[in-house]
Amino acid sequence: MLVKALEHKPEEQMRELGLFSLAKRRLRGDLTNLCNYLKRGCSQVGISLFSKVTSDRTRGNGLKLCQGKFRLDLRKNFFTKRVAKVAQGSGGVTIPGEYGGKWKLLHYFAQNFFAPLLPVAYEDQGVLYIYGVSDLHVDQKLTLRVVVHTWSSLEPVCTFAKEGVIVKAQSAVTIYKESISDVLERCRNCTRKSCVITFCLVGEDGLQSPTNHFFLSSLKDAVGLEKTQLSASVSKQDDTYIFILQTTAIAPFVSLDVGSIKGRFSDNGFLMTEKKKVVVFYPWEPTSVEELENSLTLTSLSDVV
């Protein structure tokens, strides 16, 4: 009887029965799937990607996204696996909307690993591989920039760049390969427990990927990681607010929070390896520099462990 009653006006019937709407159920499912991927370390074998297939059951759209086999297992060791379930007919990947007028850290992680251009790294049998993953529609000639820090210093131990890297459109290609032991030897005074690697891709006309990182050991085993002091100054620029952050030491997973003020940051939950970093705040309601300064809370992983 319940199924029959839902045949004609499902939304109204579900509301009368005190059930979530279809849209809210899809939203909850998206968030649950994304959380499951992150909690499991994105290590499922044969994880599903999607391809377009013709269909007459897409609410007016001629194409739908169909699950397919993951052809490469190059991402199976990446935290930043760029996979999510897709709500059919939504016109693209669905990422859960804001809650309480702000993004959670999960939204910022999703923003980065769904970036159209992203370098990702993993280790296999002592060899470091960095892949360039592109969802762009044209091939790109890029420069890979790699920086190695010790946990105890904001000054890089060593930096190197690989120019002329070609990342083809809609592909994932190997752009760097070197044994971990050679990297450590090149960057003197580095060990697996004392150093961290960051890297990004830079192209023409301002094209730049998010900066990604690779931990050579578990953070709980990191040697030299110090308690940091974070500070920020706030200024207004047009309709946005500029936060200039400063740190006294490398700060893992820096989080900015402005209480009940609605809006989002350009980045959040990041590894801060430089003394200064600029973050933009996009307010969704009227606010002021003074209100933001009074509401701002800065924390990092070293503050909670």
# chains A, B, ... in the order shown; residues from 1 in each chain; ligands from 1
call {"tool": "residues_around", "arguments": {"residues": "Leu142 (chain A)", "least_positions_apart": "3", "cutoff": "7 Å", "atoms": "only C-alpha atoms", "output": "list in words"}}
result
Glu163, Gly164, Val165, Ile166, Leu201, Val202 and Gly203 of chain A
call {"tool": "write_last_selection", "arguments": {"atoms": "N, CA, C and O atoms", "output": "PDB file, in the first residue's frame"}}
result
ATOM      1  N   GLU A 163      60.530  20.654 -15.948  1.00  0.00           N
ATOM      2  CA  GLU A 163      59.816  21.465 -16.928  1.00  0.00           C
ATOM      3  C   GLU A 163      59.408  20.626 -18.137  1.00  0.00           C
ATOM      4  O   GLU A 163      59.918  19.528 -18.365  1.00  0.00           O
ATOM      5  N   GLY A 164      58.485  21.180 -18.905  1.00  0.00           N
ATOM      6  CA  GLY A 164      58.055  20.518 -20.138  1.00  0.00           C
ATOM      7  C   GLY A 164      57.260  19.243 -19.911  1.00  0.00           C
ATOM      8  O   GLY A 164      57.244  18.351 -20.769  1.00  0.00           O
ATOM      9  N   VAL A 165      56.581  19.156 -18.780  1.00  0.00           N
ATOM     10  CA  VAL A 165      55.767  17.974 -18.491  1.00  0.00           C
ATOM     11  C   VAL A 165      54.483  18.052 -19.317  1.00  0.00           C
ATOM     12  O   VAL A 165      53.759  19.051 -19.261  1.00  0.00           O
ATOM     13  N   ILE A 166      54.188  17.001 -20.080  1.00  0.00           N
ATOM     14  CA  ILE A 166      52.985  16.963 -20.901  1.00  0.00           C
ATOM     15  C   ILE A 166      51.939  16.092 -20.216  1.00  0.00           C
ATOM     16  O   ILE A 166      52.173  14.917 -19.953  1.00  0.00           O
ATOM     17  N   LEU A 201      51.593  21.546  -9.880  1.00  0.00           N
ATOM     18  CA  LEU A 201      51.791  21.720 -11.317  1.00  0.00           C
ATOM     19  C   LEU A 201      51.455  23.155 -11.691  1.00  0.00           C
ATOM     20  O   LEU A 201      50.439  23.697 -11.255  1.00  0.00           O
ATOM     21  N   VAL A 202      52.311  23.768 -12.505  1.00  0.00           N
ATOM     22  CA  VAL A 202      52.124  25.154 -12.918  1.00  0.00           C
ATOM     23  C   VAL A 202      52.180  25.221 -14.439  1.00  0.00           C
ATOM     24  O   VAL A 202      53.068  24.634 -15.064  1.00  0.00           O
ATOM     25  N   GLY A 203      51.214  25.918 -15.030  1.00  0.00           N
ATOM     26  CA  GLY A 203      51.171  26.055 -16.482  1.00  0.00           C
ATOM     27  C   GLY A 203      51.123  27.503 -16.907  1.00  0.00           C
ATOM     28  O   GLY A 203      51.415  28.422 -16.134  1.00  0.00           O
TER      29      GLY A 203
END
call {"tool": "select_by_dssp", "arguments": {"residues": "region 129-160 of chain A", "states": "strand (DSSP E or B)", "output": "short mmCIF file (atom, residue, chain, number, x, y, z; two decimals) with N, CA and C atoms, in the first residue's frame"}}
result
data_model
loop_
_atom_site.label_atom_id
_atom_site.label_comp_id
_atom_site.auth_asym_id
_atom_site.auth_seq_id
_atom_site.Cartn_x
_atom_site.Cartn_y
_atom_site.Cartn_z
N TYR A 129 56.16 7.74 -7.04
CA TYR A 129 55.55 8.06 -8.32
C TYR A 129 54.66 9.28 -8.13
N ILE A 130 54.77 10.24 -9.05
CA ILE A 130 53.84 11.36 -9.09
C ILE A 130 53.13 11.33 -10.44
N TYR A 131 51.81 11.35 -10.39
CA TYR A 131 50.99 11.35 -11.59
C TYR A 131 50.35 12.72 -11.77
N GLY A 132 50.19 13.11 -13.03
CA GLY A 132 49.41 14.28 -13.36
C GLY A 132 48.04 13.82 -13.81
N VAL A 133 47.00 14.26 -13.12
CA VAL A 133 45.63 13.86 -13.44
C VAL A 133 44.89 15.08 -13.97
N SER A 134 44.37 14.97 -15.19
CA SER A 134 43.73 16.12 -15.83
C SER A 134 42.32 15.78 -16.29
N GLN A 140 48.17 19.82 -21.81
CA GLN A 140 48.85 20.91 -21.10
C GLN A 140 50.34 20.64 -21.01
N LYS A 141 51.13 21.71 -21.25
CA LYS A 141 52.57 21.66 -21.03
C LYS A 141 52.84 22.37 -19.72
N LEU A 142 53.36 21.63 -18.73
CA LEU A 142 53.41 22.13 -17.36
C LEU A 142 54.80 22.00 -16.75
N THR A 143 54.96 22.62 -15.61
CA THR A 143 56.16 22.46 -14.79
C THR A 143 55.76 21.84 -13.46
N LEU A 144 56.43 20.76 -13.10
CA LEU A 144 56.21 20.13 -11.80
C LEU A 144 57.20 20.71 -10.81
N ARG A 145 56.70 21.27 -9.72
CA ARG A 145 57.56 21.83 -8.68
C ARG A 145 57.46 20.96 -7.44
N VAL A 146 58.60 20.51 -6.95
CA VAL A 146 58.66 19.63 -5.79
C VAL A 146 59.49 20.31 -4.70
N VAL A 147 58.96 20.33 -3.49
CA VAL A 147 59.66 20.95 -2.36
C VAL A 147 59.70 19.94 -1.22
N VAL A 148 60.87 19.83 -0.60
CA VAL A 148 61.05 18.93 0.54
C VAL A 148 61.39 19.76 1.77
N HIS A 149 60.61 19.55 2.83
CA HIS A 149 60.84 20.24 4.11
C HIS A 149 61.16 19.22 5.20
N THR A 150 61.92 19.67 6.19
CA THR A 150 61.95 18.92 7.44
C THR A 150 60.79 19.44 8.28
N PRO A 156 62.90 25.23 3.13
CA PRO A 156 63.00 23.96 2.41
C PRO A 156 64.40 23.36 2.52
N VAL A 157 64.45 22.04 2.60
CA VAL A 157 65.73 21.34 2.56
C VAL A 157 66.24 21.33 1.13
N CYS A 158 65.34 21.09 0.19
CA CYS A 158 65.70 21.16 -1.22
C CYS A 158 64.45 21.35 -2.07
N THR A 159 64.64 21.91 -3.24
CA THR A 159 63.56 22.10 -4.20
C THR A 159 64.07 21.70 -5.58
N PHE A 160 63.21 21.18 -6.38
CA PHE A 160 63.58 20.90 -7.76
C PHE A 160 62.34 20.97 -8.64
#
call {"tool": "residues_around", "arguments": {"residues": "Phe215 (chain A)", "least_positions_apart": "6", "cutoff": "10 Å", "atoms": "only C-alpha atoms", "output": "number ranges by chain"}}
result
A: 121-122, 192-198, 222
call {"tool": "closest_residue", "arguments": {"among": "A:Val279, A:Leu256, A:Val289, A:Cys190", "to": "Leu216 (chain A)", "atoms": "only C-alpha atoms"}}
result
A:Cys190
call {"tool": "residues_around", "arguments": {"residues": "Glu123 (chain A)", "least_positions_apart": "6", "cutoff": "10 Å", "atoms": "only C-alpha atoms", "output": "list of chain:residue names"}}
result
A:Asn77, A:Phe78, A:Tyr129, A:Ile130, A:Lys177, A:Glu178, A:Ser179, A:Ile180, A:Phe214, A:Leu216
call {"tool": "closest_residue", "arguments": {"among": "A:Ser153, A:Ser266, A:Ser295, A:Thr174", "to": "Ala232 (chain A)", "atoms": "only C-alpha atoms"}}
result
A:Ser295
call {"tool": "closest_residue", "arguments": {"among": "A:Glu185, A:Cys200, A:Asp135, A:Asp238", "to": "Lys162 (chain A)", "atoms": "only C-alpha atoms"}}
result
A:Cys200
call {"tool": "select_by_dssp", "arguments": {"residues": "region 100-206 of chain A", "states": "alpha helix (DSSP H)", "output": "short mmCIF file (atom, residue, chain, number, x, y, z; two decimals) with N, CA and C atoms, in the first residue's frame"}}
result
data_model
loop_
_atom_site.label_atom_id
_atom_site.label_comp_id
_atom_site.auth_asym_id
_atom_site.auth_seq_id
_atom_site.Cartn_x
_atom_site.Cartn_y
_atom_site.Cartn_z
N LEU A 105 35.21 20.84 6.69
CA LEU A 105 36.52 20.58 6.10
C LEU A 105 36.42 19.57 4.96
N LEU A 106 35.46 18.66 5.05
CA LEU A 106 35.27 17.67 3.99
C LEU A 106 34.99 18.34 2.65
N HIS A 107 34.26 19.46 2.67
CA HIS A 107 33.97 20.17 1.43
C HIS A 107 35.26 20.71 0.79
N TYR A 108 36.17 21.21 1.63
CA TYR A 108 37.42 21.75 1.10
C TYR A 108 38.30 20.64 0.53
N PHE A 109 38.34 19.48 1.20
CA PHE A 109 39.09 18.35 0.67
C PHE A 109 38.50 17.94 -0.68
N ALA A 110 37.18 17.91 -0.76
CA ALA A 110 36.52 17.54 -2.02
C ALA A 110 36.83 18.55 -3.12
N GLN A 111 36.84 19.84 -2.75
CA GLN A 111 37.15 20.87 -3.72
C GLN A 111 38.52 20.64 -4.35
N ASN A 112 39.48 20.24 -3.54
CA ASN A 112 40.83 20.02 -4.05
C ASN A 112 40.94 18.74 -4.87
N PHE A 113 40.37 17.62 -4.34
CA PHE A 113 40.59 16.40 -5.12
C PHE A 113 39.66 16.27 -6.30
N ILE A 180 62.74 6.59 -3.17
CA ILE A 180 62.71 7.41 -1.96
C ILE A 180 64.12 7.60 -1.41
N SER A 181 64.93 6.56 -1.48
CA SER A 181 66.30 6.66 -0.96
C SER A 181 67.11 7.71 -1.73
N ASP A 182 66.89 7.81 -3.04
CA ASP A 182 67.59 8.83 -3.83
C ASP A 182 67.10 10.24 -3.48
N VAL A 183 65.80 10.37 -3.24
CA VAL A 183 65.26 11.66 -2.83
C VAL A 183 65.86 12.09 -1.51
N LEU A 184 65.94 11.17 -0.55
CA LEU A 184 66.50 11.49 0.76
C LEU A 184 67.98 11.82 0.67
N GLU A 185 68.68 11.13 -0.22
CA GLU A 185 70.11 11.40 -0.40
C GLU A 185 70.33 12.77 -1.03
N ARG A 186 69.46 13.10 -1.99
CA ARG A 186 69.55 14.40 -2.64
C ARG A 186 69.29 15.52 -1.63
#
call {"tool": "closest_residue", "arguments": {"among": "A:Thr247, A:Asn212, A:Asn268, A:Ser288", "to": "Val234 (chain A)", "atoms": "only C-alpha atoms"}}
result
A:Ser288
call {"tool": "closest_residue", "arguments": {"among": "A:Gln170, A:Ser300, A:Phe270, A:Gly263", "to": "Pro286 (chain A)", "atoms": "only C-alpha atoms"}}
result
A:Gly263
